[in-house]
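Q: First the structure, then my questions, so here it is.
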2 protein chains.
Amino acid sequence: MIPILNSHPHSAPSLASLTSLLKTQLNAINACILEKMQSPVTLIPQIAGYLISLGGKRLRPLLTVASAELCGYEGTRHIQLAACVEFIHTATLLHDDVVDESTLRRGMSTANALWSNKASVLVGDFLFSRAFELMVNDGSLDVLQILSQASSTIAEGEVMQLASSHDLELSQETYLKIIGAKTARLFSAATEVGAVVANADASKRKALAWFGHTLGIAFQLMDDVLDYAADQEKLGKAIGDDFREGKVTLPVILAYEKGADSSFWKEAFEGGVRDEGALAHATRLLRESGSLLKTNHIAQDFVNQALESLKIFPKSHLKEALQDLAYFSLHREV
Amino acid sequence: MIPILNSHPHSAPSLASLTSLLKTQLNAINACILEKMQSPVTLIPQIAGYLISLGGKRLRPLLTVASAELCGYEGTRHIQLAACVEFIHTATLLHDDVVDESTLRRGMSTANALWSNKASVLVGDFLFSRAFELMVNDGSLDVLQILSQASSTIAEGEVMQLASSHDLELSQETYLKIIGAKTARLFSAATEVGAVVANADASKRKALAWFGHTLGIAFQLMDDVLDYAADQEKLGKAIGDDFREGKVTLPVILAYEKGADSSFWKEAFEGGVRDEGALAHATRLLRESGSLLKTNHIAQDFVNQALESLKIFPKSHLKEALQDLAYFSLHREV
């Protein structure tokens, strides 16, 4: 559906090499998450557990663990810090679903749909606070600085996106700034924390932070593409949600900049005509104008930067798994 | 309206002695708040600034500064930490108003009413993260531990309250646990942080934490009373909001336990009949059953404990101002 643009050395890029290399650590992360989300207030582990058990890819905590071990770390602190990263991610998901009024995530009902917006807001607050508690227990001010700064940057990015909702004049540059904040910042914090816990030198720390950032941008751009182009059953969330919510994403920006049926886009994003017929027309325009393809190309540029930043690390199975992950970001269907 | 139950040594207990003693520090706190809530994302200082400029009493940050100085602190770190405490408070207010669907706070429209629930959720997240950033800059893991634990306890308390909404079987003990978490925990964290920044010994730290806790409970109980008994114009928020939202507070628990018109309470809280006529009847029942008065008595017990915990500190203007504040919590009309 989306043409394969790069020449990946292996046959089918996936997350599998990373998850199988880090299987023990992933189990430890999951156990830690389960333990630390407990609360005598039963609604909290109910809602948190529901969302966390939906699975997802555990991508961000895996990045923390992989980064630490790529830098030679042999301790166990990275497990708890990886759980913190996942808690922050889960908290933002809970709040995002409230903000976006979403009802479906990974093919299942969202927490706000099953419980309520109120519960989602408060349980998100709990997970966020719990993440900070765990970091404080870890005791590294460096880690705390990275993740507290990341958290306020994420919130800034979310507010920026909300404020620019329906804005067709959004430039590509501003859009990349928004997703750099709301999505890529947690990726880069996840990788940088791994380097910090391993006491890696400044160049490795910087390289891993950049790997996380560029990978995060690529993931978000491919998310934008998949929202128009994915196989609904595989994606597990409603196709076209960005369009229905009036979110101006990069494919739309590129199509609008190109002047492809400007009046249609205005009617859709400014006039609010975003029914299923409009979605079908939008998808057709995005394909025919080459905007989905161009977004894919831009994502590939970021993946190339991600791969480049791994070059300072010697060859290892873990490095190859991270390379695989970078390729996977371009070719994933979910 | 609510009888004056204690024999206060001065004539009119108020917050004035504290705010006038700490006028310079209060100005510094306000300047710090204004500086640290800035963001290139203009909607953030707009919303945060709106809520913060509504004023409120700046009670919690004043408690931090007063506690630190009562323990002999002469530095300036407490100003920034007081701002953190106010940021956490403001973040919870933003989220509370979303959860409670409130439209009025301190006589003005709430942020969620003026902007949107979405913006309130995200700007709350920003303020919360920014508070942690500031604490990390301060660099004390002790402070971080107190405030991160307080934050998750607050969220737990809020979820508990949400889960027990409309529950007339709520016991007095459970209710005190809920408000201990959702309200008093930030008061006690505010005072304890003051002691910590001053390097106070364990007994002073414990005494100030207990002062904050008991004062916080008293404030919340009087809030519960005022919601049925205040002069609407002075209170600045809609009277009867707790009732309309189906929040079971201590006066209702006491009246229901006493068996005063049980079927009415059931119809109101379980059946959902909470119109203006029902509110008037509820208020009458709470008065006539003595439940408002009894809540006031219980609040007074907590104020007595607060005063008791100040006994280890030598006589000073600051100590007197904190005593005044404790009395004020019982007699305030706003």
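By order of appearance in the structure tokens: chains A, B, ..., then residues from 1 within every chain, and ligands from 1 in the order shown.
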Show me a table, sorted first by chain and then by increasing residue number, of the residues of chain B having an atom at most 8 Å from chain A, each with its shortest atom pair and the distance in Å to one decimal, counting only C-alpha atoms and written as a tab-separated table.
A:
residue	atom	partner	partner_atom	distance
B:Ser39	CA	A:Glu156	CA	7.8
B:Val41	CA	A:Met160	CA	6.2
B:Leu43	CA	A:Val159	CA	7.3
B:Ile44	CA	A:Val159	CA	7.5
B:His95	CA	A:Val121	CA	7.1
B:Val98	CA	A:Lys118	CA	7.3
B:Val99	CA	A:Lys118	CA	4.8
B:Asn117	CA	A:Val99	CA	7.6
B:Lys118	CA	A:Val99	CA	4.8
B:Ala119	CA	A:Val159	CA	6.8
B:Val121	CA	A:His95	CA	7.1
B:Leu122	CA	A:Ala155	CA	5.9
B:Val123	CA	A:Ala155	CA	7.0
B:Asp125	CA	A:Ala155	CA	6.1
B:Phe126	CA	A:Ser152	CA	5.0
B:Leu127	CA	A:Ser152	CA	7.6
B:Phe128	CA	A:Ser152	CA	8.0
B:Ser129	CA	A:Ser152	CA	4.9
B:Arg130	CA	A:Ser152	CA	5.8
B:Phe132	CA	A:Ser148	CA	5.9
B:Glu133	CA	A:Ser148	CA	5.2
B:Val136	CA	A:Gln145	CA	6.1
B:Asn137	CA	A:Gln145	CA	7.7
B:Gly139	CA	A:Leu141	CA	7.0
B:Leu141	CA	A:Val136	CA	6.6
B:Leu144	CA	A:Val136	CA	6.6
B:Gln145	CA	A:Val136	CA	6.1
B:Ser148	CA	A:Glu133	CA	5.2
B:Gln149	CA	A:Glu133	CA	6.0
B:Ser151	CA	A:Ser129	CA	5.6
B:Ser152	CA	A:Ser129	CA	4.9
B:Thr153	CA	A:Phe126	CA	7.9
B:Ala155	CA	A:Phe126	CA	5.1
B:Glu156	CA	A:Val41	CA	6.5
B:Glu158	CA	A:Leu122	CA	6.9
B:Val159	CA	A:Leu122	CA	6.2
B:Met160	CA	A:Val41	CA	6.2
B:Leu162	CA	A:Ala119	CA	7.5
B:Ala163	CA	A:Leu43	CA	7.4
Q: Could you dump the residues just selected with N, CA and C atoms as a CSV table (one decimal), in the first residue's frame?
A:
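Done, and the output landed in again.csv:
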chain,number,residue,atom,x,y,z
B,39,SER,N,5.4,30.4,28.5
B,39,SER,CA,5.6,29.3,27.5
B,39,SER,C,5.4,30.0,26.1
B,41,VAL,N,4.0,28.8,23.9
B,41,VAL,CA,2.6,28.4,23.5
B,41,VAL,C,1.6,29.3,24.2
B,43,LEU,N,-1.4,30.0,24.6
B,43,LEU,CA,-2.6,29.6,25.3
B,43,LEU,C,-2.3,29.2,26.7
B,44,ILE,N,-1.1,28.7,27.0
B,44,ILE,CA,-0.7,28.3,28.3
B,44,ILE,C,-0.7,29.4,29.3
B,95,HIS,N,-8.1,20.6,36.6
B,95,HIS,CA,-8.6,19.2,36.4
B,95,HIS,C,-9.9,19.0,37.2
B,98,VAL,N,-12.9,20.4,35.4
B,98,VAL,CA,-13.3,19.5,34.3
B,98,VAL,C,-14.1,18.4,34.9
B,99,VAL,N,-13.6,17.7,36.0
B,99,VAL,CA,-14.2,16.6,36.6
B,99,VAL,C,-15.6,17.0,37.2
B,117,ASN,N,-12.7,22.0,28.1
B,117,ASN,CA,-12.2,21.0,28.9
B,117,ASN,C,-10.8,20.5,28.4
B,118,LYS,N,-10.7,20.4,27.1
B,118,LYS,CA,-9.5,19.9,26.5
B,118,LYS,C,-8.3,20.8,27.0
B,119,ALA,N,-8.5,22.1,26.8
B,119,ALA,CA,-7.4,23.0,27.1
B,119,ALA,C,-7.1,23.0,28.6
B,121,VAL,N,-7.4,20.4,30.7
B,121,VAL,CA,-6.7,19.1,31.0
B,121,VAL,C,-5.2,19.3,30.6
B,122,LEU,N,-5.0,19.9,29.4
B,122,LEU,CA,-3.6,19.9,28.9
B,122,LEU,C,-2.8,21.0,29.7
B,123,VAL,N,-3.4,22.2,30.0
B,123,VAL,CA,-2.7,23.2,30.7
B,123,VAL,C,-2.4,22.8,32.1
B,125,ASP,N,-1.8,19.7,32.9
B,125,ASP,CA,-0.7,18.8,32.8
B,125,ASP,C,0.6,19.6,32.7
B,126,PHE,N,0.6,20.7,31.9
B,126,PHE,CA,1.7,21.5,31.8
B,126,PHE,C,2.2,22.1,33.2
B,127,LEU,N,1.2,22.6,33.9
B,127,LEU,CA,1.6,23.3,35.2
B,127,LEU,C,2.2,22.2,36.2
B,128,PHE,N,1.6,21.1,36.1
B,128,PHE,CA,2.0,20.0,37.0
B,128,PHE,C,3.5,19.6,36.6
B,129,SER,N,3.8,19.5,35.3
B,129,SER,CA,5.1,19.1,34.9
B,129,SER,C,6.1,20.3,35.2
B,130,ARG,N,5.6,21.5,35.0
B,130,ARG,CA,6.5,22.6,35.3
B,130,ARG,C,6.9,22.7,36.8
B,132,PHE,N,7.3,20.1,38.7
B,132,PHE,CA,8.4,19.2,38.9
B,132,PHE,C,9.7,19.7,38.3
B,133,GLU,N,9.6,20.3,37.2
B,133,GLU,CA,10.9,20.9,36.7
B,133,GLU,C,11.5,21.9,37.7
B,136,VAL,N,13.1,20.0,40.5
B,136,VAL,CA,14.3,19.4,40.1
B,136,VAL,C,15.4,20.4,40.1
B,137,ASN,N,15.1,21.6,39.6
B,137,ASN,CA,16.1,22.7,39.6
B,137,ASN,C,16.5,23.0,41.0
B,139,GLY,N,16.7,20.9,43.4
B,139,GLY,CA,17.7,19.9,43.7
B,139,GLY,C,17.5,19.1,44.9
B,141,LEU,N,16.1,16.1,46.9
B,141,LEU,CA,15.3,14.9,46.7
B,141,LEU,C,14.3,14.7,47.8
B,144,LEU,N,11.4,16.7,46.6
B,144,LEU,CA,10.8,16.0,45.5
B,144,LEU,C,9.9,14.8,46.0
B,145,GLN,N,10.5,14.1,47.0
B,145,GLN,CA,9.7,13.0,47.5
B,145,GLN,C,8.4,13.4,48.2
B,148,SER,N,6.0,14.6,45.3
B,148,SER,CA,5.6,13.6,44.3
B,148,SER,C,4.6,12.6,45.0
B,149,GLN,N,4.9,12.3,46.3
B,149,GLN,CA,4.0,11.4,47.0
B,149,GLN,C,2.7,12.2,47.2
B,151,SER,N,1.4,14.4,45.4
B,151,SER,CA,0.6,14.4,44.1
B,151,SER,C,-0.1,13.1,43.8
B,152,SER,N,0.5,12.0,44.1
B,152,SER,CA,-0.2,10.8,43.8
B,152,SER,C,-1.3,10.5,44.8
B,153,THR,N,-1.1,10.9,46.0
B,153,THR,CA,-2.1,10.8,47.1
B,153,THR,C,-3.3,11.7,46.7
B,155,ALA,N,-4.3,12.6,43.8
B,155,ALA,CA,-5.0,11.9,42.7
B,155,ALA,C,-5.8,10.7,43.2
B,156,GLU,N,-5.2,10.0,44.1
B,156,GLU,CA,-6.0,8.9,44.7
B,156,GLU,C,-7.2,9.4,45.4
B,158,GLU,N,-8.9,12.1,44.8
B,158,GLU,CA,-9.9,12.5,43.8
B,158,GLU,C,-10.6,11.3,43.2
B,159,VAL,N,-9.9,10.3,42.9
B,159,VAL,CA,-10.5,9.1,42.3
B,159,VAL,C,-11.5,8.5,43.4
B,160,MET,N,-11.0,8.4,44.6
B,160,MET,CA,-11.9,7.9,45.7
B,160,MET,C,-13.2,8.7,45.8
B,162,LEU,N,-14.6,10.4,43.4
B,162,LEU,CA,-15.4,10.1,42.2
B,162,LEU,C,-16.1,8.8,42.3
B,163,ALA,N,-15.3,7.8,42.9
B,163,ALA,CA,-15.9,6.4,43.0
B,163,ALA,C,-17.0,6.4,44.0
Q: Do you know which residues are at most 8 Å from region 60-77 of chain B counting only C-alpha atoms, after dropping those on the same chain fewer than 6 positions away, and could you put them as JSON, numbers by chain?
A: {"B": [18, 19, 22, 25, 26, 29, 83, 85, 86, 138, 186, 187, 190, 191, 192, 193, 194, 195, 196, 197, 198, 200, 204, 208, 212, 313, 318, 319, 322]}
Q: Store the residues picked out above in a file with C-alpha atoms, as a PDB file, in the first residue's frame.
A:
ATOM      1  CA  LEU B  18      -0.010  36.314  57.655  1.00  0.00           C
ATOM      2  CA  THR B  19      -0.224  38.137  54.331  1.00  0.00           C
ATOM      3  CA  LEU B  22       4.885  37.978  54.452  1.00  0.00           C
ATOM      4  CA  GLN B  25       7.656  37.115  50.072  1.00  0.00           C
ATOM      5  CA  LEU B  26       4.150  37.012  48.618  1.00  0.00           C
ATOM      6  CA  ILE B  29       6.049  34.282  44.911  1.00  0.00           C
ATOM      7  CA  ALA B  83       5.435  28.622  43.514  1.00  0.00           C
ATOM      8  CA  VAL B  85       3.069  24.193  45.474  1.00  0.00           C
ATOM      9  CA  GLU B  86       0.775  26.792  43.885  1.00  0.00           C
ATOM     10  CA  ASP B 138      15.960  23.234  43.341  1.00  0.00           C
ATOM     11  CA  LEU B 186      -1.129  19.391  49.768  1.00  0.00           C
ATOM     12  CA  PHE B 187      -1.442  21.536  52.897  1.00  0.00           C
ATOM     13  CA  ALA B 190       3.378  22.682  51.740  1.00  0.00           C
ATOM     14  CA  THR B 191       4.255  23.047  55.416  1.00  0.00           C
ATOM     15  CA  GLU B 192       6.642  20.070  55.489  1.00  0.00           C
ATOM     16  CA  VAL B 193       8.570  21.379  52.476  1.00  0.00           C
ATOM     17  CA  GLY B 194       9.050  24.622  54.401  1.00  0.00           C
ATOM     18  CA  ALA B 195      10.555  22.710  57.324  1.00  0.00           C
ATOM     19  CA  VAL B 196      12.774  20.670  55.003  1.00  0.00           C
ATOM     20  CA  VAL B 197      14.164  23.692  53.179  1.00  0.00           C
ATOM     21  CA  ALA B 198      15.024  25.178  56.585  1.00  0.00           C
ATOM     22  CA  ALA B 200      14.513  21.798  60.656  1.00  0.00           C
ATOM     23  CA  LYS B 204       9.590  20.478  63.922  1.00  0.00           C
ATOM     24  CA  LEU B 208       4.516  21.444  60.780  1.00  0.00           C
ATOM     25  CA  GLY B 212      -0.782  21.505  57.602  1.00  0.00           C
ATOM     26  CA  PHE B 313       7.669  26.857  68.457  1.00  0.00           C
ATOM     27  CA  LEU B 318       4.797  34.514  62.540  1.00  0.00           C
ATOM     28  CA  LYS B 319       3.525  31.895  64.981  1.00  0.00           C
ATOM     29  CA  LEU B 322      -0.374  30.958  61.803  1.00  0.00           C
TER      30      LEU B 322
END
Q: Nearest to Ala229 (chain B) among B:Ala209, B:Ala31, B:Leu81, B:Leu285, with distances taken over only C-alpha atoms: which residue is it?
A: B:Leu285
Q: Going by DSSP on the backbone, which residues of region 28-239 of chain A come out as strand (DSSP E)? List them as number ranges by chain.
A: A: 104-105, 108-109
Q: Determine, for each residue of region 285-328 of chain A having at least one atom at most 9 Å from an atom of region 256-280 of chain A, the closest pair of atoms and their separation in Å to one decimal, counting only C-alpha atoms; order by chain and ascending number, as a tab-separated table.
A:
residue	atom	partner	partner_atom	distance
A:Leu285	CA	A:Ala260	CA	7.1
A:Leu286	CA	A:Ala260	CA	8.7
A:Ser289	CA	A:Ala260	CA	6.8
A:Ser291	CA	A:Lys258	CA	8.9
Q: Residues as selected, N, CA and C atoms, written as a compact mmCIF listing (two decimals), in the first residue's frame, can you do that?
A:
# COMPACT_ATOMS: atom_id res chain seq x y z
N LEU A 285 -7.47 12.44 -2.53
CA LEU A 285 -6.61 13.60 -2.82
C LEU A 285 -5.19 13.41 -2.27
N LEU A 286 -5.12 12.86 -1.06
CA LEU A 286 -3.80 12.69 -0.43
C LEU A 286 -2.96 11.68 -1.21
N SER A 289 -2.25 13.33 -4.93
CA SER A 289 -1.31 14.47 -4.93
C SER A 289 0.08 14.02 -4.51
N SER A 291 0.90 13.20 -1.53
CA SER A 291 1.21 13.72 -0.19
C SER A 291 1.52 12.61 0.81
Q: To one decimal in Å, tell me the separation between CA of Leu330 (chain A) and CA of Lys23 (chain A).
A: 23.3 Å
Q: From a DSSP pass on the backbone, collect the residues of region 112-278 of chain A flagged as alpha helix (DSSP H) and hand them back as a VMD selection string.
A: chain A and resid 112 to 114 117 to 138 141 to 163 172 to 179 185 to 197 202 to 229 232 to 235 241 to 244 250 to 257 262 to 269 276 to 278
Q: What does the distance between CA of Leu15 (chain A) and CA of Phe328 (chain A) come to in Å, to one decimal place?
A: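 Interatomic distance, CA of Leu15 (chain A) to CA of Phe328 (chain A): 6.7 Å.
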Q: Go through B:Phe219, B:Gln80, B:Ile47, B:Thr90 and flag the residue nearest Asn112 (chain B), using only C-alpha atoms for the distances.
A: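 Nearest candidate to Asn112 (chain B) out of B:Phe219, B:Gln80, B:Ile47, B:Thr90: B:Ile47.
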Q: May I ask which of the residues B:Asn30, B:Gln38, B:Ala189, B:Ser17 is the closest one to Ile88 (chain B), counting only C-alpha atoms?
A: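 Looking only at the distances to Ile88 (chain B), the closest residue turns out to be B:Ala189.
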Q: For Ser164 (chain B), work out the shell of residues within 10 Å, counting only C-alpha atoms and skipping chain neighbours fewer than 3 positions away, then give it as number ranges by chain.
A: B: 158-161, 167-170, 174-175, 178, 246-248
Q: Just to be explicit: take each residue in the selection above, keep C-alpha atoms, and write the result as a tab-separated table (two decimals), in the first residue's frame.
A:
chain	number	residue	atom	x	y	z
B	158	GLU	CA	-9.90	12.53	43.84
B	159	VAL	CA	-10.54	9.10	42.34
B	160	MET	CA	-11.89	7.87	45.70
B	161	GLN	CA	-14.27	10.80	45.79
B	167	ASP	CA	-22.81	6.97	47.98
B	168	LEU	CA	-24.86	7.76	51.08
B	169	GLU	CA	-23.36	4.80	52.93
B	170	LEU	CA	-19.99	6.56	53.02
B	174	THR	CA	-13.80	7.10	54.91
B	175	TYR	CA	-14.83	10.65	54.17
B	178	ILE	CA	-10.81	11.12	51.18
B	246	GLY	CA	-24.07	14.59	43.95
B	247	LYS	CA	-21.01	14.93	46.18
B	248	VAL	CA	-21.70	13.31	49.53
Q: What is the CA of Leu250 (chain A)-CA of Ile52 (chain A) distance in Å, reported with one decimal?
A: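 For CA of Leu250 (chain A) relative to CA of Ile52 (chain A), the distance reads 28.8 Å.
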Q: Hey, which of B:Ala82, B:Phe87, B:Ala207, B:Ala16 ends up closest to Gly49 (chain B)? Count only C-alpha atoms.
A: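 The closest residue to Gly49 (chain B) is B:Phe87.
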